[in-house]
>>> print(open('upload-v5.cif').read())   # mmCIF, C-alpha atoms
data_start
loop_
_atom_site.label_atom_id
_atom_site.label_comp_id
_atom_site.auth_asym_id
_atom_site.auth_seq_id
_atom_site.Cartn_x
_atom_site.Cartn_y
_atom_site.Cartn_z
CA VAL A 1 -18.24 1.70 -34.07
CA SER A 2 -15.66 4.18 -32.78
CA PRO A 3 -16.30 5.62 -29.34
CA SER A 4 -17.65 9.16 -29.31
CA PRO A 5 -15.47 12.00 -27.96
CA PHE A 6 -17.52 11.82 -24.75
CA GLU A 7 -16.89 8.08 -24.44
CA GLN A 8 -13.16 8.59 -24.95
CA GLN A 9 -13.01 10.27 -21.56
CA PRO A 10 -13.14 8.23 -18.35
CA PRO A 11 -15.78 9.25 -15.79
CA GLN A 12 -14.99 12.76 -14.61
CA TRP A 13 -15.40 11.91 -10.93
CA ALA A 14 -12.91 9.04 -11.28
CA GLN A 15 -10.36 11.30 -12.98
CA THR A 16 -10.75 13.87 -10.24
CA LEU A 17 -10.42 11.25 -7.52
CA LEU A 18 -7.33 9.78 -9.20
CA ARG A 19 -5.58 13.13 -9.34
CA ALA A 20 -6.45 13.76 -5.70
CA LEU A 21 -4.97 10.41 -4.69
CA LEU A 22 -1.67 10.75 -6.56
CA GLU A 23 1.48 12.53 -5.48
CA VAL A 24 2.15 15.70 -7.47
CA ARG A 25 5.34 14.13 -8.86
CA ASP A 26 3.44 11.26 -10.49
CA ARG A 27 0.08 12.86 -11.15
CA ASP A 28 0.32 13.65 -14.86
CA MET A 29 2.32 10.55 -15.80
CA ILE A 30 0.02 8.01 -14.16
CA ALA A 31 -3.14 9.85 -15.22
CA GLY A 32 -1.78 9.86 -18.77
CA ASP A 33 -0.91 6.14 -18.70
CA LEU A 34 -4.38 5.21 -17.49
CA LEU A 35 -6.06 7.54 -19.99
CA GLU A 36 -4.10 6.00 -22.85
CA GLU A 37 -4.97 2.47 -21.77
CA TYR A 38 -8.60 3.47 -21.19
CA ARG A 39 -8.91 4.83 -24.72
CA GLU A 40 -7.49 1.65 -26.19
CA ARG A 41 -9.91 -0.43 -24.15
CA THR A 42 -12.93 1.60 -25.31
CA LEU A 43 -12.40 0.04 -28.74
CA SER A 44 -13.47 -3.28 -27.22
CA GLY A 45 -16.30 -1.82 -25.16
CA VAL A 46 -16.91 1.44 -23.35
CA ARG A 47 -18.57 -0.16 -20.33
CA GLN A 48 -15.70 -2.57 -19.72
CA ALA A 49 -13.21 0.25 -20.18
CA ARG A 50 -15.00 2.39 -17.59
CA SER A 51 -15.13 -0.49 -15.13
CA TRP A 52 -11.43 -1.09 -15.64
CA TYR A 53 -10.63 2.60 -15.08
CA VAL A 54 -12.68 2.84 -11.90
CA TRP A 55 -11.07 -0.35 -10.58
CA GLN A 56 -7.62 1.13 -11.18
CA VAL A 57 -8.54 4.36 -9.40
CA LEU A 58 -9.82 2.35 -6.44
CA SER A 59 -6.51 0.50 -6.31
CA PHE A 60 -4.84 3.84 -5.58
CA ALA A 61 -7.48 4.60 -2.95
CA ARG A 62 -6.67 1.28 -1.27
CA LEU A 63 -3.01 2.26 -1.21
CA ARG A 64 -3.87 5.56 0.43
CA LEU A 65 -6.03 3.87 3.03
CA ALA A 66 -3.46 1.18 3.76
CA PRO A 67 -1.69 3.23 6.46
CA CYS A 68 -5.07 3.69 8.21
CA GLY A 69 -5.48 -0.09 8.26
CA MET A 70 -2.02 -0.56 9.73
CA VAL A 71 -2.67 2.12 12.36
CA PHE A 72 -5.89 0.41 13.37
CA ARG A 73 -4.26 -3.03 13.58
CA ILE A 74 -1.51 -1.68 15.87
CA ALA A 75 -4.05 0.23 18.00
CA ARG A 76 -6.20 -2.89 18.28
CA LEU A 77 -3.19 -4.91 19.46
CA TRP A 78 -2.39 -2.46 22.28
CA PHE A 79 -6.04 -2.04 23.16
CA LEU A 80 -6.39 -5.83 23.50
CA ALA A 81 -3.29 -5.88 25.71
CA PHE A 82 -4.88 -3.18 27.88
CA ALA A 83 -8.19 -5.03 28.00
CA ALA A 84 -6.55 -8.37 28.85
CA LEU A 85 -4.52 -6.85 31.68
CA ALA A 86 -7.34 -4.73 33.01
CA LEU A 87 -10.08 -7.35 32.81
CA GLY A 88 -8.08 -10.55 33.16
CA THR A 89 -5.30 -10.13 35.65
CA LEU A 90 -6.49 -7.21 37.74
CA ARG A 91 -9.52 -6.57 39.88
CA PRO A 92 -12.86 -5.75 38.26
CA ASP A 93 -12.40 -2.21 39.51
CA ALA A 94 -9.19 -1.90 37.52
CA PHE A 95 -10.58 1.12 35.80
CA THR A 96 -10.44 3.23 38.94
CA PRO A 97 -7.67 5.74 38.43
CA ALA A 98 -4.44 4.16 39.74
CA PRO A 99 -3.99 0.90 37.81
CA GLY A 100 -5.97 2.22 34.88
CA VAL A 101 -3.68 5.19 34.50
CA ILE A 102 -0.57 3.02 34.69
CA LEU A 103 -1.88 0.67 32.03
CA PHE A 104 -3.01 3.59 29.93
CA LEU A 105 0.44 5.16 30.12
CA LEU A 106 2.00 1.87 29.05
CA CYS A 107 -0.29 0.94 26.19
CA VAL A 108 -0.91 4.30 24.52
CA PRO A 109 2.74 5.31 24.02
CA GLY A 110 3.46 1.68 23.14
CA ALA A 111 1.10 1.94 20.21
CA ALA A 112 2.67 5.25 19.19
CA VAL A 113 6.22 3.87 19.34
CA GLN A 114 5.32 0.78 17.33
CA ALA A 115 3.36 2.66 14.65
CA ALA A 116 6.00 5.37 14.25
CA ALA A 117 8.83 2.84 14.10
CA ARG A 118 7.03 0.59 11.64
CA MET A 119 5.87 3.31 9.28
CA SER A 120 8.46 6.03 9.79
CA SER A 121 5.75 8.58 10.45
CA TRP A 122 5.27 10.71 13.53
CA GLY A 123 1.68 11.52 12.56
CA LEU A 124 0.73 7.86 12.19
CA GLY A 125 2.27 7.20 15.62
CA VAL A 126 0.05 9.85 17.17
CA ALA A 127 -2.94 8.47 15.25
CA ALA A 128 -2.27 5.00 16.68
CA ALA A 129 -2.09 6.45 20.20
CA VAL A 130 -5.34 8.38 19.81
CA THR A 131 -7.10 5.36 18.32
CA THR A 132 -5.91 3.15 21.18
CA ALA A 133 -7.09 5.71 23.73
CA SER A 134 -10.47 6.02 22.05
CA LEU A 135 -10.96 2.25 22.19
CA ILE A 136 -9.89 2.25 25.84
CA ALA A 137 -12.35 5.04 26.59
CA LEU A 138 -15.19 3.04 25.02
CA LEU A 139 -14.23 -0.10 26.94
CA THR A 140 -13.96 1.83 30.18
CA ALA A 141 -17.34 3.48 29.70
CA ALA A 142 -18.94 0.11 29.00
CA THR A 143 -17.23 -1.59 31.94
CA VAL A 144 -18.03 1.01 34.59
CA SER A 145 -21.62 1.17 33.38
CA ILE A 146 -22.13 -2.59 33.40
CA LEU A 147 -20.34 -3.21 36.72
CA HIS A 148 -21.73 -0.08 38.40
CA LEU A 149 -18.30 0.79 39.77
CA PRO A 150 -18.36 3.17 42.72
CA HIS A 151 -16.03 5.77 41.25
CA PRO A 152 -16.52 5.66 37.51
CA PRO A 153 -14.07 7.92 35.77
CA LEU A 154 -16.61 8.70 33.08
CA GLY A 155 -16.00 12.41 33.30
CA THR A 156 -12.37 11.96 32.34
CA LEU A 157 -13.06 9.77 29.30
CA PRO A 158 -13.49 12.52 26.68
CA SER A 159 -10.07 13.86 27.60
CA LEU A 160 -8.32 10.51 27.02
CA PRO A 161 -7.75 10.98 23.26
CA GLY A 162 -6.29 14.43 23.96
CA ILE A 163 -3.95 13.04 26.61
CA ALA A 164 -3.07 10.23 24.20
CA ALA A 165 -2.16 12.76 21.52
CA ILE A 166 0.37 14.34 23.89
CA VAL A 167 1.96 11.18 25.30
CA GLY A 168 1.66 9.53 21.89
CA GLY A 169 3.51 12.43 20.32
CA VAL A 170 6.43 11.87 22.67
CA GLY A 171 6.28 8.11 22.11
CA ALA A 172 6.22 8.58 18.34
CA LEU A 173 9.43 10.60 18.55
CA PHE A 174 11.11 7.61 20.19
CA GLY A 175 9.56 5.34 17.59
CA LEU A 176 11.05 7.36 14.75
CA GLU A 177 14.50 6.69 16.19
CA PHE A 178 14.05 3.00 15.46
CA GLY A 179 13.55 3.76 11.77
CA GLY A 180 11.35 1.63 9.58
CA ARG A 181 9.80 1.75 6.16
CA SER A 182 7.15 3.89 4.58
CA PRO A 183 3.57 2.52 4.55
CA LEU A 184 3.69 2.14 0.79
CA THR A 185 6.91 0.15 1.01
CA LEU A 186 5.38 -2.17 3.60
CA LEU A 187 2.31 -2.59 1.43
CA ALA A 188 4.42 -3.38 -1.62
CA ILE A 189 6.35 -5.98 0.39
CA ASP A 190 3.13 -7.56 1.65
CA ARG A 191 1.74 -7.61 -1.87
CA ALA A 192 4.91 -9.11 -3.29
CA LYS A 193 4.84 -11.85 -0.67
CA SER A 194 1.21 -12.64 -1.38
CA VAL A 195 1.67 -13.14 -5.13
CA MET B 1 22.93 -9.89 1.79
CA ALA B 2 20.19 -7.80 0.24
CA ASP B 3 16.55 -8.91 0.37
CA VAL B 4 15.61 -11.38 -2.35
CA LEU B 5 13.04 -9.92 -4.71
CA GLY B 6 9.43 -11.11 -4.48
CA THR B 7 7.61 -12.55 -7.48
CA PHE B 8 5.79 -9.32 -8.23
CA GLU B 9 8.98 -7.28 -8.04
CA GLN B 10 10.69 -9.76 -10.36
CA ALA B 11 7.82 -9.47 -12.84
CA VAL B 12 8.13 -5.67 -12.81
CA LEU B 13 11.91 -5.71 -13.18
CA LEU B 14 11.77 -8.33 -15.92
CA ALA B 15 9.28 -6.18 -17.83
CA LEU B 16 12.07 -3.60 -18.03
CA ALA B 17 14.82 -6.12 -18.70
CA ARG B 18 13.15 -7.90 -21.60
CA PRO B 19 14.14 -6.68 -25.05
CA LYS B 20 10.50 -6.19 -25.99
CA THR B 21 7.52 -5.58 -23.78
CA ALA B 22 3.86 -5.75 -24.76
CA LEU B 23 4.20 -2.26 -26.22
CA GLY B 24 7.51 -2.71 -27.95
CA LYS B 25 10.55 -1.08 -26.42
CA GLU B 26 8.62 1.69 -24.71
CA SER B 27 9.18 0.99 -21.06
CA TYR B 28 6.80 3.46 -19.46
CA GLY B 29 4.25 2.71 -16.77
CA ARG B 30 1.48 1.50 -19.06
CA SER B 31 3.71 -0.98 -20.89
CA VAL B 32 5.02 -2.33 -17.58
CA LEU B 33 1.44 -2.73 -16.38
CA LYS B 34 0.49 -4.70 -19.49
CA GLU B 35 3.62 -6.83 -19.45
CA VAL B 36 3.22 -7.76 -15.78
CA ALA B 37 -0.44 -8.65 -16.37
CA LEU B 38 0.58 -10.80 -19.34
CA ARG B 39 3.30 -12.64 -17.41
CA LEU B 40 1.21 -13.20 -14.30
CA ASP B 41 -1.79 -14.11 -16.46
CA ARG B 42 -4.24 -11.90 -14.58
CA GLU B 43 -5.34 -8.29 -14.28
CA VAL B 44 -3.02 -6.34 -12.02
CA SER B 45 -3.78 -3.06 -10.31
CA ALA B 46 -1.96 0.05 -11.42
CA GLY B 47 -1.50 1.00 -7.76
CA ALA B 48 0.54 -2.14 -7.11
CA VAL B 49 2.69 -1.66 -10.21
CA TYR B 50 3.44 2.03 -9.66
CA SER B 51 4.18 1.60 -5.95
CA THR B 52 6.57 -1.24 -6.84
CA LEU B 53 8.25 0.89 -9.50
CA ASP B 54 8.59 3.70 -6.98
CA ARG B 55 10.16 1.39 -4.42
CA LEU B 56 12.54 -0.21 -6.91
CA GLU B 57 13.65 3.27 -7.93
CA GLN B 58 14.25 4.23 -4.31
CA LYS B 59 16.42 1.12 -3.94
CA GLY B 60 18.45 2.12 -7.00
CA LEU B 61 17.44 -0.92 -9.05
CA ILE B 62 15.81 1.19 -11.77
CA SER B 63 15.90 4.81 -12.89
CA SER B 64 13.39 7.00 -14.70
CA LYS B 65 13.13 10.08 -16.83
CA VAL B 66 10.16 12.16 -17.91
CA SER B 67 9.33 12.77 -21.54
CA ALA B 68 6.64 14.78 -23.32
CA GLY B 69 3.30 13.13 -24.06
CA ASP B 70 1.31 12.94 -27.27
CA ALA B 71 -2.29 13.29 -28.45
CA LYS B 72 -3.14 9.69 -27.48
CA ARG B 73 -2.89 10.79 -23.86
CA SER B 74 -4.03 14.39 -24.20
CA GLY B 75 -0.46 15.62 -24.06
CA LEU B 76 0.20 14.27 -20.56
CA PRO B 77 3.89 13.39 -20.03
CA ARG B 78 5.31 9.89 -19.78
CA ARG B 79 7.81 8.54 -17.28
CA TYR B 80 10.18 6.05 -18.91
CA TYR B 81 11.93 3.50 -16.73
CA SER B 82 15.18 1.67 -17.29
CA ILE B 83 16.84 -1.08 -15.32
CA GLU B 84 20.16 -0.36 -13.62
CA PRO B 85 23.09 -2.80 -13.25
CA GLU B 86 22.07 -3.25 -9.61
CA GLY B 87 18.63 -4.35 -10.83
CA ILE B 88 20.17 -6.95 -13.14
CA ARG B 89 22.23 -8.26 -10.24
CA ALA B 90 19.12 -8.46 -8.06
CA LEU B 91 17.27 -10.44 -10.75
CA ASN B 92 20.17 -12.83 -11.23
CA ASN B 93 20.37 -13.30 -7.48
CA ALA B 94 16.63 -14.02 -7.26
CA LYS B 95 16.86 -16.61 -10.04
CA ALA B 96 19.90 -18.24 -8.46
CA VAL B 97 18.00 -18.60 -5.17
CA VAL B 98 15.04 -20.26 -6.91
CA ASP B 99 17.37 -22.55 -8.88
CA ARG B 100 19.17 -23.59 -5.69
CA VAL B 101 15.88 -24.27 -3.90
CA TRP B 102 14.64 -26.46 -6.77
CA ALA B 103 17.98 -28.16 -7.47
CA GLY B 104 17.55 -31.92 -7.81
CA VAL B 105 13.76 -31.76 -7.91
CA ARG B 106 12.07 -32.69 -11.15
CA GLY B 107 8.72 -30.98 -11.57
CA PRO B 108 5.82 -31.00 -11.63
CA LEU B 109 5.54 -32.66 -8.22
CA LYS B 110 2.96 -35.37 -7.66
CA GLU B 111 0.21 -34.33 -5.26
CA ALA B 112 -0.09 -37.74 -3.59
CA LEU B 113 2.97 -39.71 -2.50
#
>>> encode(input="upload-v5.cif", output="structure tokens")
Amino acid sequence: VSPSPFEQQPPQWAQTLLRALLEVRDRDMIAGDLLEEYRERTLSGVRQARSWYVWQVLSFARLRLAPCGMVFRIARLWFLAFAALALGTLRPDAFTPAPGVILFLLCVPGAAVQAAARMSSWGLGVAAAVTTASLIALLTAATVSILHLPHPPLGTLPSLPGIAAIVGGVGALFGLEFGGRSPLTLLAIDRAKSV
Amino acid sequence: MADVLGTFEQAVLLALARPKTALGKESYGRSVLKEVALRLDREVSAGAVYSTLDRLEQKGLISSKVSAGDAKRSGLPRRYYSIEPEGIRALNNAKAVVDRVWAGVRGPLKEAL
């Protein structure tokens, strides 16, 4: 039984999502390739063809989200460095302004420099800095609450991501000088190595 | 020395270098996708194939040109890829590396010595 005209079209939401995920340069070509393959697959079963199409669209979504994953991994690394230094080698009251500020000003731009250098993107560098600062703010809030520190800097915590955006922006400019590869290139390399 | 190609990159490049792919001589994205899946013996994601094609093009190993589509794809255009001499050299280099690594070893290896 030949598929009906309705069945010869992939799910509308998936087509819309695919076009939103693709660069303008590739949009029509890739959408056309997948449509052609989808239509051939409907001859063997519409349900399987739809599943295949949705899976392919999600593969592009994963590519788009890959830079977010890399940003988070870099931010987590610098946050853990901050946490180890603040909680491990310094006094429990390390979150009172002086040492906390110094560590903050080391770790946040560090994340920005690394992210910008690795992914050749100023915006991703700033995102790494803001993410690191947000994690630090959460850790600080938890620590001063649990330890009942005498001068908890809780009031300054909401401003940390904003400060991080500024110092991270400067750090990311330095990071760009070191060059690097685009997130998609890094992902392709990782994928090639894993095959 | 340039980076040696990974297995996935080799599969994509070879799909363009072979005289006939799964869809004949039409080396556009869909045929590369099918050929790579056939050679690797598993489903592959279009995202991985197209990002690899994009990267290989940026490195000058392949080139592409856009052509008009037909009714099978609702008139959407196709991008045809072709391998460049630099791509052939990269493939030969990758094979030479594998051959050197395996030189003198007769496979398959036994699991227990």
>>> residues_near_point(input="upload-v5.cif", point="(5.0, -4.8, -18.8)", cutoff="12 Å", atoms="all atoms listed in the file", output="PyMOL selection string")
chain B and resi 8-41+43-44+46+49-50+53+81
>>> write_last_selection(input="upload-v5.cif", atoms="C-alpha atoms", output="mmCIF file, in the coordinates of the input")
data_model
loop_
_atom_site.group_PDB
_atom_site.id
_atom_site.type_symbol
_atom_site.label_atom_id
_atom_site.label_comp_id
_atom_site.auth_asym_id
_atom_site.auth_seq_id
_atom_site.Cartn_x
_atom_site.Cartn_y
_atom_site.Cartn_z
ATOM 1 C CA PHE B 8 5.790 -9.320 -8.230
ATOM 2 C CA GLU B 9 8.980 -7.280 -8.040
ATOM 3 C CA GLN B 10 10.690 -9.760 -10.360
ATOM 4 C CA ALA B 11 7.820 -9.470 -12.840
ATOM 5 C CA VAL B 12 8.130 -5.670 -12.810
ATOM 6 C CA LEU B 13 11.910 -5.710 -13.180
ATOM 7 C CA LEU B 14 11.770 -8.330 -15.920
ATOM 8 C CA ALA B 15 9.280 -6.180 -17.830
ATOM 9 C CA LEU B 16 12.070 -3.600 -18.030
ATOM 10 C CA ALA B 17 14.820 -6.120 -18.700
ATOM 11 C CA ARG B 18 13.150 -7.900 -21.600
ATOM 12 C CA PRO B 19 14.140 -6.680 -25.050
ATOM 13 C CA LYS B 20 10.500 -6.190 -25.990
ATOM 14 C CA THR B 21 7.520 -5.580 -23.780
ATOM 15 C CA ALA B 22 3.860 -5.750 -24.760
ATOM 16 C CA LEU B 23 4.200 -2.260 -26.220
ATOM 17 C CA GLY B 24 7.510 -2.710 -27.950
ATOM 18 C CA LYS B 25 10.550 -1.080 -26.420
ATOM 19 C CA GLU B 26 8.620 1.690 -24.710
ATOM 20 C CA SER B 27 9.180 0.990 -21.060
ATOM 21 C CA TYR B 28 6.800 3.460 -19.460
ATOM 22 C CA GLY B 29 4.250 2.710 -16.770
ATOM 23 C CA ARG B 30 1.480 1.500 -19.060
ATOM 24 C CA SER B 31 3.710 -0.980 -20.890
ATOM 25 C CA VAL B 32 5.020 -2.330 -17.580
ATOM 26 C CA LEU B 33 1.440 -2.730 -16.380
ATOM 27 C CA LYS B 34 0.490 -4.700 -19.490
ATOM 28 C CA GLU B 35 3.620 -6.830 -19.450
ATOM 29 C CA VAL B 36 3.220 -7.760 -15.780
ATOM 30 C CA ALA B 37 -0.440 -8.650 -16.370
ATOM 31 C CA LEU B 38 0.580 -10.800 -19.340
ATOM 32 C CA ARG B 39 3.300 -12.640 -17.410
ATOM 33 C CA LEU B 40 1.210 -13.200 -14.300
ATOM 34 C CA ASP B 41 -1.790 -14.110 -16.460
ATOM 35 C CA GLU B 43 -5.340 -8.290 -14.280
ATOM 36 C CA VAL B 44 -3.020 -6.340 -12.020
ATOM 37 C CA ALA B 46 -1.960 0.050 -11.420
ATOM 38 C CA VAL B 49 2.690 -1.660 -10.210
ATOM 39 C CA TYR B 50 3.440 2.030 -9.660
ATOM 40 C CA LEU B 53 8.250 0.890 -9.500
ATOM 41 C CA TYR B 81 11.930 3.500 -16.730
#
>>> closest_residue(input="upload-v5.cif", among="B:Leu91, B:Asp99, B:Gly75, B:Glu111", to="Asp28 of chain A", atoms="only C-alpha atoms")
B:Gly75
>>> atom_distance(input="upload-v5.cif", atom1="atom CA of Ala66 of chain A", atom2="atom CA of Leu135 of chain A")
19.9 Å
>>> resolve_selection(input="upload-v5.cif", expression="the PyMOL selection byres ((chain B and resi 73) around 8)", output="VMD selection string")
(chain A and resid 32 to 33 35 to 36) or (chain B and resid 69 to 72 74 to 76)
>>> resolve_selection(input="upload-v5.cif", expression="the PyMOL selection byres ((chain A and resi 168) around 9)", output="PDB file with C-alpha atoms, in the coordinates of the input")
ATOM      1  CA  VAL A 108      -0.910   4.300  24.520  1.00  0.00           C
ATOM      2  CA  PRO A 109       2.740   5.310  24.020  1.00  0.00           C
ATOM      3  CA  GLY A 110       3.460   1.680  23.140  1.00  0.00           C
ATOM      4  CA  ALA A 111       1.100   1.940  20.210  1.00  0.00           C
ATOM      5  CA  ALA A 112       2.670   5.250  19.190  1.00  0.00           C
ATOM      6  CA  VAL A 113       6.220   3.870  19.340  1.00  0.00           C
ATOM      7  CA  GLY A 125       2.270   7.200  15.620  1.00  0.00           C
ATOM      8  CA  VAL A 126       0.050   9.850  17.170  1.00  0.00           C
ATOM      9  CA  ALA A 127      -2.940   8.470  15.250  1.00  0.00           C
ATOM     10  CA  ALA A 128      -2.270   5.000  16.680  1.00  0.00           C
ATOM     11  CA  ALA A 129      -2.090   6.450  20.200  1.00  0.00           C
ATOM     12  CA  VAL A 130      -5.340   8.380  19.810  1.00  0.00           C
ATOM     13  CA  ILE A 163      -3.950  13.040  26.610  1.00  0.00           C
ATOM     14  CA  ALA A 164      -3.070  10.230  24.200  1.00  0.00           C
ATOM     15  CA  ALA A 165      -2.160  12.760  21.520  1.00  0.00           C
ATOM     16  CA  ILE A 166       0.370  14.340  23.890  1.00  0.00           C
ATOM     17  CA  VAL A 167       1.960  11.180  25.300  1.00  0.00           C
ATOM     18  CA  GLY A 169       3.510  12.430  20.320  1.00  0.00           C
ATOM     19  CA  VAL A 170       6.430  11.870  22.670  1.00  0.00           C
ATOM     20  CA  GLY A 171       6.280   8.110  22.110  1.00  0.00           C
ATOM     21  CA  ALA A 172       6.220   8.580  18.340  1.00  0.00           C
ATOM     22  CA  LEU A 173       9.430  10.600  18.550  1.00  0.00           C
TER      23      LEU A 173
END
>>> resolve_selection(input="upload-v5.cif", expression="the PyMOL selection byres ((chain B and resi 93) around 12)", output="list in words")
Met1, Ala2, Asp3, Val4, Leu5, Gly6, Gln10, Glu86, Gly87, Ile88, Arg89, Ala90, Leu91, Asn92, Ala94, Lys95, Ala96, Val97, Val98, Asp99 and Arg100 of chain B
>>> atom_distance(input="upload-v5.cif", atom1="atom CA of Thr132 of chain A", atom2="atom CA of Val144 of chain A")
18.2 Å
>>> residues_around(input="upload-v5.cif", residues="Gly47 of chain B", least_positions_apart="2", cutoff="10 Å", atoms="only C-alpha atoms", output="ChimeraX atom specification")
/A:22,30,56-64,188 /B:33,44-45,49-53
>>> closest_residue(input="upload-v5.cif", among="A:Gly45, A:Ser2, A:Ile102, A:Trp52", to="chain B", atoms="all atoms listed in the file")
A:Trp52
>>> atom_distance(input="upload-v5.cif", atom1="atom CA of Ala31 of chain A", atom2="atom CA of Gln12 of chain A")
12.2 Å
>>> closest_residue(input="upload-v5.cif", among="A:Trp13, A:Phe174, A:Tyr53, A:Phe72", to="chain B", atoms="only C-alpha atoms")
A:Tyr53
